[in-house]
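Shown below: my_file_24.cif, with mmCIF, C-alpha atoms and all ligand atoms.
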data_upload
#
loop_
_atom_site.label_atom_id
_atom_site.label_comp_id
_atom_site.auth_asym_id
_atom_site.auth_seq_id
_atom_site.Cartn_x
_atom_site.Cartn_y
_atom_site.Cartn_z
CA MET A 1 208.45 144.19 110.78
CA LEU A 2 205.12 142.49 111.48
CA ILE A 3 204.87 141.43 115.14
CA ILE A 4 202.27 138.82 116.08
CA GLY A 5 201.47 138.07 119.74
CA ILE A 6 200.00 134.67 120.57
CA GLY A 7 198.60 134.20 124.09
CA GLY A 8 196.40 131.66 125.87
CA GLY A 9 196.53 129.39 128.90
CA THR A 10 199.08 126.68 129.49
CA GLY A 11 198.48 123.64 127.29
CA CYS A 12 196.10 125.45 124.93
CA GLY A 13 198.52 124.69 122.10
CA LYS A 14 200.38 127.97 121.50
CA THR A 15 203.72 126.32 120.75
CA THR A 16 202.02 123.76 118.52
CA VAL A 17 200.05 126.43 116.62
CA VAL A 18 203.24 128.46 116.13
CA ARG A 19 205.06 125.38 114.80
CA GLN A 20 202.19 124.69 112.41
CA ILE A 21 202.17 128.33 111.22
CA ILE A 22 205.91 128.59 110.55
CA ASN A 23 206.11 125.14 108.99
CA GLN A 24 206.15 125.87 105.21
CA LEU A 25 207.29 129.48 105.78
CA PRO A 26 210.89 130.53 105.04
CA PRO A 27 212.86 130.40 108.35
CA GLU A 28 214.97 133.42 107.34
CA GLU A 29 211.80 135.54 107.12
CA VAL A 30 209.87 134.45 110.24
CA GLY A 31 211.24 134.29 113.80
CA VAL A 32 209.77 133.18 117.12
CA ILE A 33 210.32 134.48 120.64
CA SER A 34 208.94 132.53 123.58
CA GLN A 35 207.91 134.31 126.76
CA ASP A 36 209.36 131.32 128.64
CA SER A 37 212.86 132.55 127.71
CA TYR A 38 212.11 135.72 129.66
CA TYR A 39 211.37 134.26 133.09
CA LYS A 40 213.35 136.45 135.48
CA ASP A 41 216.87 135.39 136.28
CA THR A 42 216.73 133.73 139.71
CA SER A 43 220.35 132.60 140.01
CA HIS A 44 220.58 134.28 143.42
CA MET A 45 217.97 131.82 144.79
CA ALA A 46 218.51 128.23 145.90
CA TYR A 47 216.73 125.51 143.89
CA ASP A 48 214.33 124.84 146.80
CA GLU A 49 213.23 128.48 146.72
CA ARG A 50 212.97 128.63 142.93
CA VAL A 51 210.56 125.67 142.89
CA LYS A 52 208.13 127.72 144.96
CA ILE A 53 207.98 130.66 142.51
CA ASN A 54 204.55 131.43 141.08
CA PHE A 55 205.46 131.09 137.40
CA ASP A 56 201.96 132.02 136.27
CA HIS A 57 201.99 135.52 137.73
CA PRO A 58 203.06 138.44 135.49
CA ARG A 59 205.74 139.47 138.01
CA ALA A 60 207.66 136.28 137.15
CA ILE A 61 208.37 137.65 133.67
CA ASP A 62 211.13 140.10 132.77
CA PHE A 63 208.86 142.19 130.54
CA ASP A 64 211.39 145.06 130.43
CA LEU A 65 213.98 142.81 128.78
CA LEU A 66 211.41 141.26 126.43
CA ILE A 67 210.16 144.68 125.30
CA SER A 68 213.68 146.04 124.91
CA HIS A 69 214.69 142.98 122.84
CA LEU A 70 211.65 143.37 120.59
CA LYS A 71 212.52 147.04 120.07
CA ASP A 72 216.09 146.05 119.19
CA LEU A 73 214.81 143.57 116.62
CA ARG A 74 212.39 146.12 115.21
CA GLY A 75 215.33 148.52 114.88
CA GLY A 76 217.20 145.93 112.81
CA ASN A 77 219.56 144.74 115.55
CA THR A 78 220.31 141.21 116.75
CA ILE A 79 219.59 140.11 120.32
CA ASP A 80 220.99 137.50 122.70
CA GLN A 81 217.80 135.72 123.68
CA PRO A 82 218.01 134.02 127.10
CA VAL A 83 217.65 130.25 127.20
CA TYR A 84 215.42 128.84 129.98
CA SER A 85 215.63 125.49 131.74
CA PHE A 86 212.33 124.11 133.09
CA VAL A 87 214.32 121.48 134.97
CA GLU A 88 216.47 124.05 136.81
CA HIS A 89 213.62 126.61 137.02
CA ASN A 90 216.11 129.21 135.84
CA ARG A 91 217.85 130.74 132.85
CA THR A 92 220.88 128.82 131.68
CA LYS A 93 224.22 130.51 131.03
CA ASP A 94 223.59 130.16 127.28
CA THR A 95 221.96 132.70 125.03
CA GLN A 96 220.63 132.35 121.50
CA LEU A 97 221.71 134.90 118.92
CA THR A 98 218.46 135.99 117.25
CA HIS A 99 218.31 138.01 114.04
CA PRO A 100 215.53 140.41 113.07
CA ARG A 101 213.02 138.95 110.61
CA LYS A 102 210.23 140.39 108.48
CA VAL A 103 207.77 138.65 110.80
CA MET A 104 208.33 137.99 114.51
CA ILE A 105 205.93 135.84 116.54
CA VAL A 106 205.91 136.26 120.32
CA GLU A 107 204.13 133.49 122.25
CA GLY A 108 203.39 132.96 125.93
CA ILE A 109 200.69 132.67 128.57
CA LEU A 110 201.12 136.24 129.86
CA ILE A 111 202.16 138.23 126.79
CA LEU A 112 198.78 139.95 126.43
CA THR A 113 198.73 141.09 130.09
CA ASN A 114 201.38 143.79 129.69
CA PRO A 115 200.01 146.96 128.04
CA ASP A 116 203.39 148.13 126.64
CA LEU A 117 204.11 144.76 125.09
CA ARG A 118 200.55 144.45 123.83
CA ASP A 119 200.90 147.78 122.04
CA MET A 120 203.83 146.41 120.06
CA PHE A 121 201.75 143.65 118.49
CA ASP A 122 200.25 144.29 115.05
CA ILE A 123 198.06 141.23 115.45
CA LYS A 124 196.97 139.72 118.78
CA ILE A 125 195.83 136.09 118.85
CA PHE A 126 194.37 134.11 121.76
CA VAL A 127 194.41 130.33 121.52
CA HIS A 128 191.53 128.76 123.43
CA ALA A 129 191.17 125.22 124.76
CA ASP A 130 188.90 124.10 127.61
CA SER A 131 190.56 123.88 131.02
CA ASP A 132 190.15 120.10 131.35
CA GLU A 133 191.76 119.62 127.94
CA ARG A 134 194.61 121.97 128.89
CA LEU A 135 195.20 120.17 132.18
CA ILE A 136 195.35 116.74 130.49
CA ARG A 137 197.83 118.07 127.91
CA ARG A 138 199.88 119.80 130.61
CA VAL A 139 200.14 116.66 132.73
CA LYS A 140 201.26 114.56 129.77
CA ARG A 141 203.71 117.17 128.43
CA ASP A 142 205.30 118.10 131.77
CA ILE A 143 205.92 114.47 132.67
CA ALA A 144 207.27 113.62 129.20
CA GLU A 145 209.28 116.79 128.52
CA ARG A 146 209.78 118.92 131.61
CA GLY A 147 210.90 116.44 134.28
CA ARG A 148 207.75 116.69 136.46
CA ASP A 149 205.68 114.04 138.21
CA ILE A 150 201.89 113.87 138.43
CA ASP A 151 201.66 115.22 142.01
CA GLU A 152 203.85 118.20 141.16
CA VAL A 153 201.76 119.17 138.14
CA LEU A 154 198.43 118.74 139.95
CA ASP A 155 199.61 120.63 143.07
CA ARG A 156 200.81 123.51 140.90
CA TYR A 157 197.56 123.46 138.94
CA GLN A 158 195.48 123.89 142.10
CA SER A 159 197.76 126.34 143.90
CA THR A 160 198.72 128.74 141.09
CA LEU A 161 197.87 127.68 137.54
CA LYS A 162 194.11 127.74 137.84
CA PRO A 163 193.76 130.93 139.94
CA MET A 164 196.35 132.81 137.83
CA HIS A 165 194.65 131.70 134.64
CA GLN A 166 191.34 133.06 135.88
CA GLN A 167 192.83 136.29 137.23
CA PHE A 168 195.34 137.22 134.51
CA ILE A 169 195.21 135.08 131.38
CA GLU A 170 191.54 134.45 130.54
CA PRO A 171 190.71 138.20 130.76
CA THR A 172 193.26 138.95 128.00
CA LYS A 173 190.99 137.21 125.52
CA GLU A 174 189.18 140.52 125.16
CA PHE A 175 192.32 142.10 123.65
CA ALA A 176 192.57 139.48 120.92
CA ASP A 177 191.92 140.28 117.25
CA ILE A 178 191.59 136.57 116.55
CA ILE A 179 190.56 133.73 118.89
CA ILE A 180 191.60 130.27 117.74
CA PRO A 181 189.47 127.41 119.11
CA ASN A 182 191.98 124.62 119.71
CA ASN A 183 190.21 121.79 121.52
CA LYS A 184 190.95 119.97 118.30
CA TYR A 185 193.73 120.68 115.81
CA ASN A 186 192.55 123.74 113.87
CA THR A 187 194.17 123.69 110.45
CA VAL A 188 191.76 126.27 109.03
CA ALA A 189 192.79 128.92 111.58
CA VAL A 190 196.46 128.08 111.09
CA ASP A 191 196.06 128.49 107.31
CA ILE A 192 194.38 131.88 107.80
CA VAL A 193 197.24 133.19 109.95
CA ARG A 194 199.79 131.79 107.48
CA THR A 195 197.98 133.56 104.64
CA ILE A 196 198.22 136.87 106.52
CA ILE A 197 201.95 136.32 107.01
CA ASN A 198 202.46 135.32 103.38
CA GLU A 199 200.78 138.53 102.25
CA ARG A 200 203.30 140.50 104.31
CA LEU A 201 206.19 138.48 102.89
CA SER A 202 205.18 138.85 99.23
N1 LIG B 301 194.79 120.69 119.27
C1 LIG B 301 195.46 119.79 120.01
N2 LIG B 301 194.95 118.56 120.22
C2 LIG B 301 195.61 117.65 120.98
N3 LIG B 301 196.82 117.87 121.57
C3 LIG B 301 197.38 119.08 121.37
C4 LIG B 301 196.75 120.09 120.58
N4 LIG B 301 197.55 121.19 120.56
C5 LIG B 301 198.63 120.88 121.32
N5 LIG B 301 198.54 119.61 121.78
C6 LIG B 301 199.50 118.91 122.65
O1 LIG B 301 199.32 119.44 123.97
C7 LIG B 301 200.57 119.67 124.60
C8 LIG B 301 200.69 121.14 124.95
O2 LIG B 301 200.75 121.88 123.75
P1 LIG B 301 201.69 123.15 123.62
O3 LIG B 301 201.67 123.57 122.19
O4 LIG B 301 203.02 122.89 124.26
O5 LIG B 301 200.85 124.20 124.51
P2 LIG B 301 201.26 125.59 125.11
O6 LIG B 301 202.49 126.07 124.36
O7 LIG B 301 200.09 126.46 124.89
O8 LIG B 301 201.53 125.34 126.57
C9 LIG B 301 201.65 119.20 123.64
O9 LIG B 301 202.05 117.90 124.02
C10 LIG B 301 200.95 119.19 122.28
O10 LIG B 301 201.46 118.18 121.44
N1 LIG B 302 210.26 126.78 135.91
C1 LIG B 302 209.00 126.78 135.38
C2 LIG B 302 208.54 127.87 134.67
C3 LIG B 302 207.28 127.81 134.15
N2 LIG B 302 206.51 126.71 134.33
C4 LIG B 302 205.16 126.65 133.76
O1 LIG B 302 205.20 126.87 132.38
C5 LIG B 302 203.94 127.35 131.95
C6 LIG B 302 204.09 128.25 130.76
O2 LIG B 302 204.57 127.52 129.66
P1 LIG B 302 203.57 126.93 128.55
O3 LIG B 302 204.51 126.36 127.52
O4 LIG B 302 202.74 125.88 129.21
O5 LIG B 302 202.76 128.05 128.02
C7 LIG B 302 203.35 128.09 133.12
O6 LIG B 302 202.02 127.67 133.32
C8 LIG B 302 204.23 127.71 134.31
O7 LIG B 302 203.49 127.16 135.39
C9 LIG B 302 206.99 125.64 135.03
O8 LIG B 302 206.30 124.60 135.18
N3 LIG B 302 208.25 125.68 135.55
#

What is this structure when it is put down as structure tokens?
Ligand SMILES: Nc1ncnc2c1ncn2[C@@H]1O[C@H](COP(=O)(O)OP(=O)(O)O)[C@@H](O)[C@H]1O
Ligand SMILES: Nc1ccn([C@@H]2O[C@H](COP(=O)(O)O)[C@@H](O)[C@H]2O)c(=O)n1
Amino acid sequence: MLIIGIGGGTGCGKTTVVRQIINQLPPEEVGVISQDSYYKDTSHMAYDERVKINFDHPRAIDFDLLISHLKDLRGGNTIDQPVYSFVEHNRTKDTQLTHPRKVMIVEGILILTNPDLRDMFDIKIFVHADSDERLIRRVKRDIAERGRDIDEVLDRYQSTLKPMHQQFIEPTKEFADIIIPNNKYNTVAVDIVRTIINERLS
């Protein structure tokens, strides 16, 4: 199994890049795991407490479960991937049965911060977009897709997103084998990654 880790700050375009990469690739050969599915289960907390969680700090992520699931997949076993609700700020009761594939892509803001997880990646990619560009995209996306309002997004940006990005996420760029500039759509970089995957599949 080839495991590709794709990191980078919120709004840099990780999900979009992954969609572009797997588009035109056989779905039975390439799978995707999102770090967002592995936010810790916070069912024991009231909604008002969950809203205050710092979701941009590595301690918010259940890395043990993510690593153990990746090992299961690498060993040829299926996993029950958690399903996360951004509206509820919590895992749902559902899980998604996920089969091992020849190529697995793991994407998320903090996936390159954990040394054990990092060691599992055959290829490490960091998607870069300038912070103003990321903020604009984040505001638009969170209002359109994640049930947020402008004040909520901007408050979170100032209180946690920006400082956590500087402390934890930006420094992981140095671990990357490939850095994809993504201020604009980068079809050349996407084609290069797809070519690497196609070589593995052929
Ligand atoms: N290169 C780009 N140029 C303009 N908008 C983009 C680009 N890449 C992604 N977007 C848009 O920005 C938003 C955030 O992108 P997304 O892929 O969800 O980022 P991430 O997964 O890194 O948080 C989405 O609405 C997406 O359509
Ligand atoms: N309940 C939550 C959990 C996380 N977030 C934010 O999501 C961002 C990571 O997802 P991307 O798709 O943007 O990479 C992260 O910056 C968290 O602040 C949230 O808003 N609510």

request  = Could you tell me, counting only C-alpha atoms and all ligand atoms, which protein and nucleic acid residues lie no more than 10 Å from ligand LIG 302 (chain B), written as a PyMOL selection string?
outcome  = chain A and resi 7-16+34-40+50-57+60-61+84-91+107-110+134-135+137-138+141-142+146-148+152-153+156-157+160-162+164-165

task = Report the distance between CA of Ile3 in chain A and CA of Pro100 in chain A in Å, rounded to one decimal place.
result =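 CA of Pro100 in chain A lies at a distance of 10.9 Å from CA of Ile3 in chain A.
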
request  = Taking the point (212.1, 133.3, 104.5) as given in the file, collect each protein or nucleic acid residue that comes within 12 Å of it, counting only C-alpha atoms, and present the set as an NGL selection string.
outcome  = :A and (22-31 or 100-104 or 197-198 or 200-202)

message = What's the separation between CA of Ile111 in chain A and atom C9 of ligand LIG 301 (chain B), in Å to one decimal place?
response = 19.3 Å

task = Name the residues in contact with range 174-187 of chain A at a cut-off of 7 Å, using all atoms listed in the file, excluding same-chain residues fewer than 4 positions from it; report them as JSON, numbers by chain.
result = {"A": [12, 13, 123, 124, 125, 126, 127, 128, 129, 130, 133, 191]}

Keeping C-alpha atoms for every residue in the selection just given, could you write it to a file as a short mmCIF file (atom, residue, chain, number, x, y, z; two decimals), keeping the file's coordinate frame?
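Printed below is part-v3.cif as written:
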data_model
loop_
_atom_site.label_atom_id
_atom_site.label_comp_id
_atom_site.auth_asym_id
_atom_site.auth_seq_id
_atom_site.Cartn_x
_atom_site.Cartn_y
_atom_site.Cartn_z
CA CYS A 12 196.10 125.45 124.93
CA GLY A 13 198.52 124.69 122.10
CA ILE A 123 198.06 141.23 115.45
CA LYS A 124 196.97 139.72 118.78
CA ILE A 125 195.83 136.09 118.85
CA PHE A 126 194.37 134.11 121.76
CA VAL A 127 194.41 130.33 121.52
CA HIS A 128 191.53 128.76 123.43
CA ALA A 129 191.17 125.22 124.76
CA ASP A 130 188.90 124.10 127.61
CA GLU A 133 191.76 119.62 127.94
CA ASP A 191 196.06 128.49 107.31
#

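Here CA of Arg74 in chain A is placed at a distance of 28.2 Å from atom O2 of ligand LIG 301 (chain B).
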
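Considering the residues A:Phe121, A:Ser68, A:Pro58, A:Gln96 and counting all atoms listed in the file, Gln167 in chain A has its shortest atom-to-atom contact with A:Pro58.
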
request  = Step by step: start from the point (203.1, 148.6, 122.8) in the file's coordinates, keep every protein, DNA or RNA residue that has an atom no farther than 12 Å from it, count only C-alpha atoms, and write the set as a list in words.
outcome  = Ile3, Ile4, Gly5, Phe63, Asp64, Leu66, Ile67, Ser68, Leu70, Lys71, Ile111, Leu112, Thr113, Asn114, Pro115, Asp116, Leu117, Arg118, Asp119, Met120, Phe121, Asp122, Ile123 and Lys124 of chain A

Nearest residue to ligand LIG 301 (chain B) from the set A:Leu97, A:Val32, A:Val139, A:Val83 (distances using all atoms listed in the file) =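 Of the candidates, the smallest distance to ligand LIG 301 (chain B) is held by A:Val139.
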
key: Nearest candidate to Ala189 in chain A (options A:Met1, A:Val18, A:Ile150, A:Ala46; using only C-alpha atoms)   =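 Using only C-alpha atoms, Ala189 in chain A sits closest to A:Val18.
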
As AutoDock Vina command-line options, what would the box around ligand LIG 301 (chain B) look like: edges along x, y and z, 3 Å added on every side, centre and edge lengths in Å to one decimal?
--center_x 198.9 --center_y 122.1 --center_z 122.9 --size_x 14.2 --size_y 14.8 --size_z 13.3

task = Go through A:Met45, A:Leu73, A:Ala144, A:Leu154 one by one, measure the shortest atom-to-atom distance of each to ligand LIG 301 (chain B) using all atoms listed in the file, and give the residue with the smallest value.
result = A:Ala144

task = Rank nothing, just name the residue among A:Ile6, A:Ser43, A:Ile33, A:Thr92 nearest to Val193 in chain A, using all atoms listed in the file.
result = A:Ile6
